[in-house]
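> This is the structure I want to talk about, given as structure tokens.
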Amino acid sequence: MAIDVDKIYQTETPAHHPFRIGKLGHVVLMVEDLERSVEFYTQVLGCKVSDAYGEEMVPGGMVFLRFNTDHHGVALVGDAKGASKNAEMHHMAFEVPSLEDVFRARAHLKAHGVPIDFEGRRRAGCQVAVEFSDPDGHRLEIYWGLDQIGSDGVMRPREQWKWAHSLEEAIDDPVEGQYTKLRDANLRNDGLGASGQRK
């Protein structure tokens with residue numbers, strides 16, 4: 001079945017919708033090995049454990065993880081029967097507050113032996129990002145600089161989209177209105193300064 005993209009763009013949200021979703025609240029993932037996944041999300045991504053359920057409460061156990069003041073942004077349930085085939089979710093994205101944080105994330109992922117699937121800038125949204133997978137194959141993204149759409153509903157035109165296949169390419173050739181100068185130029189080298197010490 002062919003997708004009618006023009007028809008999709010004409011889809012409108014009701015003017016008097018009773019509520020507005022702000023940002024991603026939380027995602028609950030089924031994982032094969034709960035302890036392995038908790039280690040990944042805390043040691044590699046920097047999440048903190050808020051609470052945990054034993055198997056007497058939830059089959060396989062459950063761990064609630066936070067990365068801001070919300071009680072949890074990600075929860076893991078240890079009852080998956082094998083690694084994820086990505087059928088239930090395409091990917092989950094985590095926003096970081098600065099461009100430098102995306103570079104630091106890339107260096108940190110590499111230091112932990114996490115393969116990077118993509119880095120740079122995709123098209124719609126124009127965020128600068130690094131993409132990778134958790135131990136169960138869930139696809140994850142860490143990003144900065146997602147286009148914002150004001151109350152006028154005006155979006156960046158397609159002609160301004162710029163695909164970039166590395167973080168360096170993304171900052172060397174920014175999209176209009178996106179300030180991509182790094183405060184610490186050493187981050188271009190995977191976070192290693194002149195001394196060779198990780199920042």
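Residue numbering restarts at 1 for every chain of the structure tokens, chains are lettered A, B, ... in their displayed order, and ligands are numbered from 1 as they appear.
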For Arg183 in chain A, list every protein, DNA or RNA residue within 12 Å, evaluated using only C-alpha atoms, and leave out those in the same chain fewer than 6 positions away; present the list as JSON, numbers by chain.

{"A": [98, 99, 100, 101, 103]}

> Could you write out that same residue set with C-alpha atoms as a PDB file, in the first residue's frame?


ATOM      1  CA  SER A  98      23.906  20.740  25.051  1.00  0.00           C
ATOM      2  CA  LEU A  99      25.714  19.838  21.852  1.00  0.00           C
ATOM      3  CA  GLU A 100      28.785  19.051  23.950  1.00  0.00           C
ATOM      4  CA  ASP A 101      26.770  16.380  25.751  1.00  0.00           C
ATOM      5  CA  PHE A 103      29.922  14.474  21.808  1.00  0.00           C
TER       6      PHE A 103
END

> Extract the full set of alpha helix (DSSP H) residues from chain A according to DSSP on the backbone, and format it as number ranges by chain.

A: 5-9, 34-39, 99-111, 167-172

> Please report the interatomic distance between CA of Asp136 in chain A and CA of Val44 in chain A in Å with one decimal.

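Those two atoms sit 14.2 Å apart.
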
> Please give the complete set of residues from range 13-165 of chain A that DSSP, run on the backbone, assigns to strand (DSSP E), formatted as an NGL selection string.

:A and (27-30 or 48-53 or 62-66 or 74-77 or 92-95 or 116-121 or 128-133 or 139-144)

> Would you mind exporting N, CA and C atoms of the selected residues as a compact mmCIF listing (two decimals), in the first residue's frame?


# COMPACT_ATOMS: atom_id res chain seq x y z
N VAL A 27 9.21 5.09 29.19
CA VAL A 27 9.10 3.92 28.33
C VAL A 27 9.41 2.70 29.20
N VAL A 28 8.61 1.66 29.06
CA VAL A 28 8.85 0.42 29.79
C VAL A 28 9.26 -0.64 28.76
N LEU A 29 10.42 -1.25 29.00
CA LEU A 29 10.99 -2.22 28.06
C LEU A 29 11.06 -3.60 28.69
N MET A 30 10.74 -4.61 27.91
CA MET A 30 10.96 -5.99 28.32
C MET A 30 12.42 -6.31 28.01
N LYS A 48 19.74 6.65 37.05
CA LYS A 48 19.81 6.28 38.46
C LYS A 48 18.61 5.38 38.79
N VAL A 49 18.83 4.42 39.66
CA VAL A 49 17.74 3.54 40.09
C VAL A 49 16.87 4.29 41.09
N SER A 50 15.56 4.30 40.84
CA SER A 50 14.61 4.89 41.78
C SER A 50 13.97 3.82 42.66
N ASP A 51 13.49 2.76 42.04
CA ASP A 51 12.81 1.68 42.77
C ASP A 51 12.99 0.38 42.02
N ALA A 52 12.68 -0.71 42.71
CA ALA A 52 12.75 -2.03 42.08
C ALA A 52 11.68 -2.93 42.67
N TYR A 53 11.10 -3.80 41.84
CA TYR A 53 10.15 -4.81 42.26
C TYR A 53 10.83 -6.16 42.15
N MET A 62 11.23 -5.88 38.14
CA MET A 62 11.08 -4.61 37.42
C MET A 62 11.93 -3.56 38.10
N VAL A 63 12.60 -2.73 37.30
CA VAL A 63 13.45 -1.67 37.85
C VAL A 63 13.04 -0.35 37.20
N PHE A 64 12.86 0.69 38.05
CA PHE A 64 12.50 2.02 37.59
C PHE A 64 13.75 2.90 37.60
N LEU A 65 14.04 3.54 36.48
CA LEU A 65 15.25 4.35 36.33
C LEU A 65 14.88 5.80 36.01
N ARG A 66 15.67 6.73 36.54
CA ARG A 66 15.42 8.15 36.28
C ARG A 66 16.65 8.80 35.69
N VAL A 74 12.53 5.52 32.34
CA VAL A 74 12.62 4.20 31.74
C VAL A 74 12.37 3.19 32.83
N ALA A 75 11.62 2.16 32.52
CA ALA A 75 11.48 1.03 33.42
C ALA A 75 11.80 -0.24 32.64
N LEU A 76 12.40 -1.19 33.33
CA LEU A 76 12.82 -2.45 32.70
C LEU A 76 12.11 -3.60 33.39
N VAL A 77 11.53 -4.49 32.61
CA VAL A 77 10.87 -5.68 33.13
C VAL A 77 11.65 -6.89 32.63
N MET A 92 13.94 4.78 21.03
CA MET A 92 13.62 5.68 22.12
C MET A 92 14.72 6.74 22.16
N ALA A 93 14.35 8.01 22.27
CA ALA A 93 15.33 9.09 22.20
C ALA A 93 15.40 9.86 23.51
N PHE A 94 16.62 10.18 23.92
CA PHE A 94 16.88 10.95 25.13
C PHE A 94 17.45 12.31 24.74
N GLU A 95 16.81 13.37 25.15
CA GLU A 95 17.32 14.71 24.87
C GLU A 95 18.38 15.08 25.90
N ILE A 116 28.15 2.11 17.66
CA ILE A 116 27.32 3.24 17.26
C ILE A 116 26.75 2.94 15.87
N ASP A 117 25.43 3.00 15.78
CA ASP A 117 24.74 2.70 14.52
C ASP A 117 24.70 3.91 13.59
N PHE A 118 24.62 5.09 14.16
CA PHE A 118 24.57 6.32 13.37
C PHE A 118 24.99 7.48 14.25
N GLU A 119 25.67 8.44 13.64
CA GLU A 119 25.95 9.71 14.32
C GLU A 119 25.88 10.81 13.29
N GLY A 120 25.43 11.97 13.72
CA GLY A 120 25.33 13.11 12.82
C GLY A 120 23.97 13.77 12.89
N ARG A 121 23.40 14.04 11.72
CA ARG A 121 22.09 14.69 11.67
C ARG A 121 21.23 13.98 10.63
N VAL A 128 21.00 16.89 16.20
CA VAL A 128 22.33 16.28 16.13
C VAL A 128 22.30 15.12 17.13
N ALA A 129 22.67 13.92 16.65
CA ALA A 129 22.41 12.75 17.48
C ALA A 129 23.45 11.66 17.30
N VAL A 130 23.44 10.75 18.27
CA VAL A 130 24.19 9.50 18.19
C VAL A 130 23.18 8.40 18.49
N GLU A 131 23.21 7.31 17.67
CA GLU A 131 22.24 6.23 17.80
C GLU A 131 22.98 4.91 18.03
N PHE A 132 22.39 4.05 18.87
CA PHE A 132 23.03 2.80 19.28
C PHE A 132 21.94 1.89 19.83
N SER A 133 22.32 0.72 20.34
CA SER A 133 21.35 -0.23 20.89
C SER A 133 21.75 -0.66 22.28
N ARG A 139 16.69 0.04 20.09
CA ARG A 139 17.43 1.13 19.47
C ARG A 139 17.22 2.41 20.27
N LEU A 140 18.33 3.09 20.58
CA LEU A 140 18.31 4.29 21.40
C LEU A 140 18.99 5.44 20.68
N GLU A 141 18.61 6.67 21.06
CA GLU A 141 19.18 7.88 20.47
C GLU A 141 19.43 8.89 21.58
N ILE A 142 20.57 9.55 21.54
CA ILE A 142 20.85 10.69 22.40
C ILE A 142 21.00 11.88 21.47
N TYR A 143 20.22 12.95 21.73
CA TYR A 143 20.20 14.05 20.78
C TYR A 143 20.14 15.42 21.46
N TRP A 144 20.47 16.42 20.65
CA TRP A 144 20.37 17.83 21.03
C TRP A 144 19.91 18.61 19.80

> With distances taken over only C-alpha atoms, which of A:Lys81, A:His165, A:His112, A:His72 is nearest to Leu24 in chain A?

A:His72

> Could you tell me how far CA of Lys162 in chain A lies from CA of His90 in chain A, in Å and to one decimal?

22.2 Å

> Enter the distance from CA of Ala170 in chain A to CA of Ala105 in chain A, in Å, rounded to one decimal.

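Interatomic distance, CA of Ala170 in chain A to CA of Ala105 in chain A: 15.4 Å.
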